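Enquirer: This is final13.cif, which holds mmCIF, C-alpha atoms:
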```cif
data_data
#
loop_
_atom_site.group_PDB
_atom_site.id
_atom_site.type_symbol
_atom_site.label_atom_id
_atom_site.label_comp_id
_atom_site.auth_asym_id
_atom_site.auth_seq_id
_atom_site.Cartn_x
_atom_site.Cartn_y
_atom_site.Cartn_z
ATOM 1 C CA MET A 1 157.120 145.974 180.334
ATOM 2 C CA LYS A 2 158.915 142.785 179.386
ATOM 3 C CA LEU A 3 156.755 140.975 181.888
ATOM 4 C CA ALA A 4 153.542 142.283 180.294
ATOM 5 C CA TRP A 5 154.739 141.234 176.843
ATOM 6 C CA ALA A 6 155.651 137.812 178.138
ATOM 7 C CA ALA A 7 152.238 137.412 179.790
ATOM 8 C CA ALA A 8 150.437 138.494 176.603
ATOM 9 C CA PHE A 9 152.565 136.184 174.483
ATOM 10 C CA GLY A 10 151.857 133.294 176.881
ATOM 11 C CA LEU A 11 148.103 133.992 176.778
ATOM 12 C CA VAL A 12 148.015 134.100 172.969
ATOM 13 C CA SER A 13 150.136 130.953 172.716
ATOM 14 C CA GLY A 14 147.831 129.154 175.169
ATOM 15 C CA LEU A 15 144.722 130.139 173.247
ATOM 16 C CA LEU A 16 146.319 129.102 169.976
ATOM 17 C CA ALA A 17 147.367 125.733 171.420
ATOM 18 C CA SER A 18 143.864 125.197 172.868
ATOM 19 C CA GLY A 19 142.305 125.941 169.459
ATOM 20 C CA ILE A 20 144.626 123.480 167.725
ATOM 21 C CA ILE A 21 143.850 120.775 170.301
ATOM 22 C CA LEU A 22 140.112 121.442 169.981
ATOM 23 C CA LEU A 23 140.241 121.188 166.167
ATOM 24 C CA ALA A 24 142.304 118.021 166.293
ATOM 25 C CA SER A 25 139.980 116.307 168.783
ATOM 26 C CA SER A 26 136.654 117.245 167.079
ATOM 27 C CA PRO A 27 135.005 114.513 164.965
ATOM 28 C CA PRO A 28 135.562 114.793 161.219
ATOM 29 C CA ARG A 29 132.783 116.282 159.178
ATOM 30 C CA GLY A 30 130.941 113.956 156.809
ATOM 31 C CA ASP A 31 130.416 114.484 153.139
ATOM 32 C CA PRO A 32 127.628 116.868 152.306
ATOM 33 C CA VAL A 33 124.299 115.227 151.384
ATOM 34 C CA ARG A 34 123.653 115.409 147.682
ATOM 35 C CA LEU A 35 120.028 115.249 146.624
ATOM 36 C CA THR A 36 119.484 113.404 143.381
ATOM 37 C CA PRO A 37 116.290 113.788 141.396
ATOM 38 C CA ALA A 38 113.783 110.928 141.624
ATOM 39 C CA PRO A 39 114.037 108.507 138.711
ATOM 40 C CA THR A 40 111.632 109.277 135.921
ATOM 41 C CA PRO A 41 109.031 106.487 135.735
ATOM 42 C CA GLY A 42 109.005 104.560 132.495
ATOM 43 C CA PRO A 43 105.960 104.082 130.286
ATOM 44 C CA TYR A 44 103.094 101.846 131.390
ATOM 45 C CA LEU A 45 102.232 98.632 129.569
ATOM 46 C CA VAL A 46 98.465 98.138 129.821
ATOM 47 C CA HIS A 47 96.404 95.225 128.456
ATOM 48 C CA VAL A 48 93.077 96.494 127.100
ATOM 49 C CA THR A 49 90.548 93.738 126.462
ATOM 50 C CA GLY A 50 86.815 93.196 126.065
ATOM 51 C CA ALA A 51 84.473 95.497 124.143
ATOM 52 C CA VAL A 52 86.990 97.765 122.404
ATOM 53 C CA ALA A 53 87.805 98.145 118.726
ATOM 54 C CA HIS A 54 91.334 96.691 118.976
ATOM 55 C CA PRO A 55 92.082 94.702 122.165
ATOM 56 C CA ASP A 56 95.842 94.503 122.717
ATOM 57 C CA VAL A 57 98.723 95.588 124.965
ATOM 58 C CA TYR A 58 99.412 99.321 124.728
ATOM 59 C CA THR A 59 102.232 101.581 125.932
ATOM 60 C CA LEU A 60 100.894 104.624 127.773
ATOM 61 C CA PRO A 61 102.638 107.481 129.606
ATOM 62 C CA PRO A 62 102.713 107.492 133.417
ATOM 63 C CA GLY A 63 99.641 109.107 134.927
ATOM 64 C CA SER A 64 97.321 107.717 132.236
ATOM 65 C CA ARG A 65 93.667 106.993 132.967
ATOM 66 C CA VAL A 66 91.255 104.281 131.823
ATOM 67 C CA ARG A 67 89.923 106.696 129.164
ATOM 68 C CA ASP A 68 93.452 106.913 127.679
ATOM 69 C CA ALA A 69 93.643 103.108 127.493
ATOM 70 C CA VAL A 70 90.240 102.914 125.761
ATOM 71 C CA ASP A 71 91.281 105.608 123.276
ATOM 72 C CA ALA A 72 94.541 103.753 122.545
ATOM 73 C CA ALA A 73 92.507 100.615 121.767
ATOM 74 C CA GLY A 74 90.439 102.450 119.157
ATOM 75 C CA GLY A 75 87.542 103.380 121.418
ATOM 76 C CA LEU A 76 84.576 101.457 122.731
ATOM 77 C CA ALA A 77 82.936 98.790 120.593
ATOM 78 C CA PRO A 78 79.251 99.391 119.706
ATOM 79 C CA ASP A 79 78.149 96.707 122.172
ATOM 80 C CA ALA A 80 80.297 97.984 125.074
ATOM 81 C CA ASP A 81 78.689 98.614 128.436
ATOM 82 C CA ASP A 82 80.465 101.686 129.786
ATOM 83 C CA SER A 83 77.955 102.221 132.604
ATOM 84 C CA ARG A 84 80.116 100.118 134.946
ATOM 85 C CA LEU A 85 83.405 101.804 133.989
ATOM 86 C CA ASN A 86 85.263 104.555 135.770
ATOM 87 C CA LEU A 87 86.973 106.223 132.816
ATOM 88 C CA ALA A 88 88.795 108.579 135.189
ATOM 89 C CA ALA A 89 90.461 105.785 137.203
ATOM 90 C CA PRO A 90 94.280 105.960 137.199
ATOM 91 C CA LEU A 91 96.237 103.133 135.599
ATOM 92 C CA ALA A 92 99.268 101.219 136.855
ATOM 93 C CA ASP A 93 102.014 99.517 134.894
ATOM 94 C CA GLY A 94 101.047 95.938 134.005
ATOM 95 C CA GLU A 95 97.320 96.479 134.596
ATOM 96 C CA GLN A 96 94.554 94.829 132.580
ATOM 97 C CA VAL A 97 91.550 96.957 131.645
ATOM 98 C CA TYR A 98 88.480 94.862 130.801
ATOM 99 C CA ILE A 99 85.622 96.653 129.033
ATOM 100 C CA PRO A 100 82.395 94.676 129.580
ATOM 101 C CA PHE A 101 79.921 93.928 126.834
ATOM 102 C CA GLN A 102 76.266 94.874 127.082
ATOM 103 C CA VAL A 103 74.332 91.921 128.438
ATOM 104 C CA GLN A 104 71.240 91.095 126.466
ATOM 105 C CA SER A 105 68.547 89.184 128.175
ATOM 106 C CA ALA A 106 68.152 85.692 126.861
ATOM 107 C CA GLY A 107 64.752 86.658 125.457
ATOM 108 C CA GLN A 108 66.181 89.567 123.432
ATOM 109 C CA TYR A 109 68.960 87.395 122.033
ATOM 110 C CA PHE A 110 66.807 84.441 121.084
ATOM 111 C CA GLU A 111 64.096 86.656 119.617
ATOM 112 C CA ALA A 112 66.730 88.218 117.358
ATOM 113 C CA GLU A 113 67.998 84.759 116.429
ATOM 114 C CA GLY A 114 64.553 83.394 115.554
ATOM 115 C CA PHE A 115 63.998 81.361 118.715
ATOM 116 C CA GLN A 116 60.989 81.635 120.944
ATOM 117 C CA GLU A 117 60.793 81.414 124.697
ATOM 118 C CA GLU A 118 59.166 78.331 126.091
ATOM 119 C CA SER A 119 55.539 78.543 127.037
ATOM 120 C CA PRO A 120 54.433 78.367 130.664
ATOM 121 C CA GLN A 121 53.697 74.675 130.046
ATOM 122 C CA GLY A 122 57.360 74.142 129.101
ATOM 123 C CA LEU A 123 60.251 74.267 131.508
ATOM 124 C CA PRO A 124 59.446 76.544 134.431
ATOM 125 C CA GLN A 125 61.217 79.836 135.156
ATOM 126 C CA THR A 126 63.895 79.831 137.829
ATOM 127 C CA GLY A 127 63.285 80.998 141.350
ATOM 128 C CA GLN A 128 60.871 78.337 142.626
ATOM 129 C CA PRO A 129 62.057 75.312 144.623
ATOM 130 C CA GLY A 130 62.566 72.217 142.477
ATOM 131 C CA GLU A 131 62.632 74.206 139.222
ATOM 132 C CA ARG A 132 65.471 74.124 136.751
ATOM 133 C CA VAL A 133 68.024 76.941 136.769
ATOM 134 C CA ASN A 134 67.988 78.953 133.560
ATOM 135 C CA ILE A 135 71.688 79.258 132.733
ATOM 136 C CA ASN A 136 70.965 82.195 130.406
ATOM 137 C CA SER A 137 69.385 84.410 133.044
ATOM 138 C CA ALA A 138 70.315 82.948 136.439
ATOM 139 C CA SER A 139 71.982 85.139 139.027
ATOM 140 C CA LEU A 140 75.308 84.300 140.605
ATOM 141 C CA GLU A 141 73.488 82.960 143.667
ATOM 142 C CA GLU A 142 71.225 80.703 141.570
ATOM 143 C CA LEU A 143 74.183 79.291 139.655
ATOM 144 C CA ASP A 144 76.134 78.835 142.883
ATOM 145 C CA SER A 145 73.285 76.689 144.228
ATOM 146 C CA LEU A 146 73.984 74.000 141.590
ATOM 147 C CA PRO A 147 76.073 70.994 142.709
ATOM 148 C CA GLY A 148 79.725 71.329 141.725
ATOM 149 C CA ILE A 149 79.341 75.027 140.862
ATOM 150 C CA GLY A 150 80.909 77.414 143.357
ATOM 151 C CA PRO A 151 80.988 81.221 143.296
ATOM 152 C CA VAL A 152 84.090 81.323 141.093
ATOM 153 C CA THR A 153 82.581 79.034 138.437
ATOM 154 C CA ALA A 154 79.241 80.853 138.678
ATOM 155 C CA HIS A 155 81.078 84.093 137.920
ATOM 156 C CA LYS A 156 82.785 82.394 134.936
ATOM 157 C CA ILE A 157 79.379 81.314 133.586
ATOM 158 C CA ILE A 158 78.049 84.878 133.795
ATOM 159 C CA ALA A 159 81.207 86.297 132.190
ATOM 160 C CA TYR A 160 81.079 83.648 129.439
ATOM 161 C CA ARG A 161 77.493 84.417 128.456
ATOM 162 C CA ALA A 162 78.206 88.172 128.609
ATOM 163 C CA GLU A 163 81.050 87.759 126.128
ATOM 164 C CA ASN A 164 79.614 85.020 123.911
ATOM 165 C CA GLY A 165 75.848 85.435 124.147
ATOM 166 C CA PRO A 166 73.352 83.042 125.697
ATOM 167 C CA PHE A 167 73.847 79.297 125.724
ATOM 168 C CA LEU A 168 72.017 77.584 122.859
ATOM 169 C CA SER A 169 71.936 74.209 124.635
ATOM 170 C CA ILE A 170 72.600 72.979 128.133
ATOM 171 C CA GLU A 171 75.562 70.974 126.809
ATOM 172 C CA SER A 172 77.296 74.191 125.722
ATOM 173 C CA ILE A 173 77.833 75.135 129.378
ATOM 174 C CA GLN A 174 80.822 72.786 129.137
ATOM 175 C CA ASP A 175 82.522 75.502 127.057
ATOM 176 C CA VAL A 176 82.927 77.479 130.290
ATOM 177 C CA PRO A 177 86.404 76.913 131.779
ATOM 178 C CA GLY A 178 86.146 74.667 134.820
ATOM 179 C CA ILE A 179 83.001 72.795 133.773
ATOM 180 C CA GLY A 180 83.806 69.373 132.417
ATOM 181 C CA PRO A 181 81.788 66.202 131.786
ATOM 182 C CA ALA A 182 81.766 65.227 135.479
ATOM 183 C CA THR A 183 80.297 68.557 136.593
ATOM 184 C CA PHE A 184 77.868 68.580 133.670
ATOM 185 C CA ALA A 185 76.603 65.118 134.667
ATOM 186 C CA LYS A 186 75.731 66.496 138.118
ATOM 187 C CA ILE A 187 73.802 69.517 136.807
ATOM 188 C CA LYS A 188 72.309 68.465 133.456
ATOM 189 C CA ASP A 189 68.932 67.550 134.969
ATOM 190 C CA LEU A 190 68.831 70.775 136.985
ATOM 191 C CA ILE A 191 69.474 73.363 134.257
ATOM 192 C CA THR A 192 67.741 74.768 131.200
ATOM 193 C CA THR A 193 68.429 77.375 128.556
ATOM 194 C CA GLY A 194 64.818 78.535 128.883
ATOM 195 C CA VAL A 195 64.218 78.371 125.113
ATOM 196 C CA HIS A 196 63.624 75.887 122.380
ATOM 197 C CA PRO A 197 64.204 76.248 118.627
#
```
Translate the structure described by the file into structure tokens.
Expert:
Amino acid sequence: MKLAWAAAFGLVSGLLASGIILLASSPPRGDPVRLTPAPTPGPYLVHVTGAVAHPDVYTLPPGSRVRDAVDAAGGLAPDADDSRLNLAAPLADGEQVYIPFQVQSAGQYFEAEGFQEESPQGLPQTGQPGERVNINSASLEELDSLPGIGPVTAHKIIAYRAENGPFLSIESIQDVPGIGPATFAKIKDLITTGVHP
């Protein structure tokens, strides 16, 4: 009987010693992973410009849309062209939202201002080789065809006349950023406003 107790005691002691050795040799457990909530995004600063009642920089909540920016700026101006806007487009922090103006044809503008379009005997319309480019109605491609005027400057000319109305004289094209006296000297004999007082 003593032998059985000794064998049982030896077995239990061996198992206990094996367990202690196994625990001591196992790698330590790391700290549990703690999930922290994502940081709450701050408000958006959005620059609203163009044909709105009050162009300025506005603070809008995250997830805002172009419509929210227009509303913050007092709504669309009467001469705004919203046909090219996506009012549902999402905004990003630091974005500029430009609301375009309606583009009047040169004829509509000058008729309202008391000017009359030139007769067919006057300066010819654009589109024919050797004819002057009408800076009040020319397309980007027509403007780009002028010496010293690339696509970027052609786009600036179109944007300038959309915001400020048609050019009253060919010299006033120098008001467009990027067109100075040297460029004007190259194009002055190739352009027209298409009207005369």
Enquirer: Determine the residue membership of the PyMOL selection byres ((chain A and resi 76-90) around 7) for the file above and supply it as a compact mmCIF listing (two decimals) with C-alpha atoms, in the coordinates of the input.
Expert:
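Below you can see expr_36.txt, which holds the result:
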```
# COMPACT_ATOMS: atom_id res chain seq x y z
CA ALA A 51 84.47 95.50 124.14
CA VAL A 52 86.99 97.76 122.40
CA ALA A 53 87.80 98.14 118.73
CA GLY A 63 99.64 109.11 134.93
CA SER A 64 97.32 107.72 132.24
CA ARG A 65 93.67 106.99 132.97
CA VAL A 66 91.26 104.28 131.82
CA ARG A 67 89.92 106.70 129.16
CA VAL A 70 90.24 102.91 125.76
CA GLY A 74 90.44 102.45 119.16
CA GLY A 75 87.54 103.38 121.42
CA LEU A 91 96.24 103.13 135.60
CA ALA A 92 99.27 101.22 136.85
CA ILE A 99 85.62 96.65 129.03
CA PRO A 100 82.40 94.68 129.58
CA PHE A 101 79.92 93.93 126.83
CA GLN A 102 76.27 94.87 127.08
```
Enquirer: May I ask which of the residues A:Gly94, A:Asn164, A:Glu142, A:Ser137 is the closest one to A:Gly194, counting all atoms listed in the file?
Expert: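 Going through A:Gly94, A:Asn164, A:Glu142, A:Ser137 one by one, the smallest distance to A:Gly194 is for A:Ser137.
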Enquirer: Which distance in Å separates atom CA of A:Pro177 and atom CA of A:His54, to one decimal?
Expert: 24.1 Å
Enquirer: Could you list, as JSON, numbers by chain, every residue within 12 Å of A:Phe184, counting all atoms listed in the file and ignoring same-chain residues fewer than 5 positions away?
Expert: {"A": [146, 147, 148, 149, 170, 171, 172, 173, 174, 175, 176, 178, 179, 189, 190, 191]}
Enquirer: Store the residues of this selection in a file with C-alpha atoms, as a compact mmCIF listing (two decimals), in the coordinates of the input.
Expert:
```
# COMPACT_ATOMS: atom_id res chain seq x y z
CA LEU A 146 73.98 74.00 141.59
CA PRO A 147 76.07 70.99 142.71
CA GLY A 148 79.72 71.33 141.72
CA ILE A 149 79.34 75.03 140.86
CA ILE A 170 72.60 72.98 128.13
CA GLU A 171 75.56 70.97 126.81
CA SER A 172 77.30 74.19 125.72
CA ILE A 173 77.83 75.14 129.38
CA GLN A 174 80.82 72.79 129.14
CA ASP A 175 82.52 75.50 127.06
CA VAL A 176 82.93 77.48 130.29
CA GLY A 178 86.15 74.67 134.82
CA ILE A 179 83.00 72.80 133.77
CA ASP A 189 68.93 67.55 134.97
CA LEU A 190 68.83 70.78 136.99
CA ILE A 191 69.47 73.36 134.26
```
Enquirer: With only C-alpha atoms as the atoms that count, which of A:Val133, A:Leu45, A:Leu143, A:Val97 lies nearest to A:Thr193?
Expert: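 The shortest atom-to-atom distance to A:Thr193 comes from A:Val133.
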Enquirer: Please define a box with edges along x, y and z of the file around all atoms of stretch 178-189 of chain A given in the file, extend it by 8 Å on each side, and return its centre and edge lengths in Å to one decimal, as lines of an AutoDock Vina configuration file.
Expert:
```
center_x = 77.5
center_y = 69.9
center_z = 135.0
size_x = 33.2
size_y = 25.5
size_z = 22.3
```
Enquirer: I'd like to know which of A:Ser145, A:Asp71, A:Tyr98, A:Arg161 is closest to A:Thr49, using all atoms listed in the file.
Expert: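 That would be A:Tyr98, the residue with the smallest distance to A:Thr49.
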Enquirer: Report the distance between atom CA of A:Ala73 and atom CA of A:Val57 in Å, rounded to one decimal place.
Expert: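 The value is 8.6 Å.
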Enquirer: Quick one: of A:Ile135, A:Leu140, A:Leu16, A:Ile157, who's nearest to A:Lys188, counting all atoms listed in the file?
Expert: A:Ile135
Enquirer: In Å, rounded to a single decimal, give me how far atom CA of A:Gly50 is from atom CA of A:Thr192.
Expert: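 One can read the atom CA of A:Thr192 to atom CA of A:Gly50 distance as 27.0 Å.
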Enquirer: When distances are computed from only C-alpha atoms, which of A:Thr59, A:Thr36, A:Ser13, A:Asn136 shows the smallest separation from A:Phe167?
Expert: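 Among A:Thr59, A:Thr36, A:Ser13, A:Asn136, it is A:Asn136 that comes nearest to A:Phe167.
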Enquirer: Quick one: of A:Gly150, A:Gly180, A:Pro166, A:Pro62, who's nearest to A:Gly42, counting only C-alpha atoms?
Expert: A:Pro62
Enquirer: Within 8 Å of A:Leu60, counting all atoms listed in the file, which residues show up once you throw out same-chain ones fewer than 4 positions away? Write them as a PyMOL selection string, please.
Expert: chain A and resi 43-46+64+68-69
Enquirer: Would you mind putting N, CA and C atoms back on stretch 53-66 of chain A and writing the result as a PDB file, in the frame of the given file?
Expert:
```
ATOM      1  N   ALA A  53      87.594  98.397 120.156  1.00  0.00           N
ATOM      2  CA  ALA A  53      87.805  98.145 118.726  1.00  0.00           C
ATOM      3  C   ALA A  53      89.015  97.239 118.481  1.00  0.00           C
ATOM      4  N   HIS A  54      90.100  97.457 119.215  1.00  0.00           N
ATOM      5  CA  HIS A  54      91.334  96.691 118.976  1.00  0.00           C
ATOM      6  C   HIS A  54      91.956  96.258 120.299  1.00  0.00           C
ATOM      7  N   PRO A  55      91.483  95.169 120.904  1.00  0.00           N
ATOM      8  CA  PRO A  55      92.082  94.702 122.165  1.00  0.00           C
ATOM      9  C   PRO A  55      93.549  94.331 121.949  1.00  0.00           C
ATOM     10  N   ASP A  56      94.415  94.796 122.842  1.00  0.00           N
ATOM     11  CA  ASP A  56      95.842  94.503 122.717  1.00  0.00           C
ATOM     12  C   ASP A  56      96.561  95.092 123.928  1.00  0.00           C
ATOM     13  N   VAL A  57      97.894  94.960 123.937  1.00  0.00           N
ATOM     14  CA  VAL A  57      98.723  95.588 124.965  1.00  0.00           C
ATOM     15  C   VAL A  57      99.227  96.909 124.407  1.00  0.00           C
ATOM     16  N   TYR A  58      99.043  97.987 125.181  1.00  0.00           N
ATOM     17  CA  TYR A  58      99.412  99.321 124.728  1.00  0.00           C
ATOM     18  C   TYR A  58     100.396  99.969 125.691  1.00  0.00           C
ATOM     19  N   THR A  59     101.281 100.810 125.138  1.00  0.00           N
ATOM     20  CA  THR A  59     102.232 101.581 125.932  1.00  0.00           C
ATOM     21  C   THR A  59     101.631 102.967 126.143  1.00  0.00           C
ATOM     22  N   LEU A  60     101.492 103.343 127.420  1.00  0.00           N
ATOM     23  CA  LEU A  60     100.894 104.624 127.773  1.00  0.00           C
ATOM     24  C   LEU A  60     101.826 105.376 128.708  1.00  0.00           C
ATOM     25  N   PRO A  61     101.766 106.714 128.700  1.00  0.00           N
ATOM     26  CA  PRO A  61     102.638 107.481 129.606  1.00  0.00           C
ATOM     27  C   PRO A  61     102.178 107.356 131.054  1.00  0.00           C
ATOM     28  N   PRO A  62     103.099 107.517 132.002  1.00  0.00           N
ATOM     29  CA  PRO A  62     102.713 107.492 133.417  1.00  0.00           C
ATOM     30  C   PRO A  62     101.632 108.531 133.692  1.00  0.00           C
ATOM     31  N   GLY A  63     100.737 108.196 134.604  1.00  0.00           N
ATOM     32  CA  GLY A  63      99.641 109.107 134.927  1.00  0.00           C
ATOM     33  C   GLY A  63      98.432 108.936 134.026  1.00  0.00           C
ATOM     34  N   SER A  64      98.449 107.935 133.144  1.00  0.00           N
ATOM     35  CA  SER A  64      97.321 107.717 132.236  1.00  0.00           C
ATOM     36  C   SER A  64      96.103 107.213 132.997  1.00  0.00           C
ATOM     37  N   ARG A  65      94.942 107.407 132.384  1.00  0.00           N
ATOM     38  CA  ARG A  65      93.667 106.993 132.967  1.00  0.00           C
ATOM     39  C   ARG A  65      93.027 105.926 132.079  1.00  0.00           C
ATOM     40  N   VAL A  66      91.960 105.315 132.582  1.00  0.00           N
ATOM     41  CA  VAL A  66      91.255 104.281 131.823  1.00  0.00           C
ATOM     42  C   VAL A  66      90.806 104.835 130.472  1.00  0.00           C
TER      43      VAL A  66
END
```
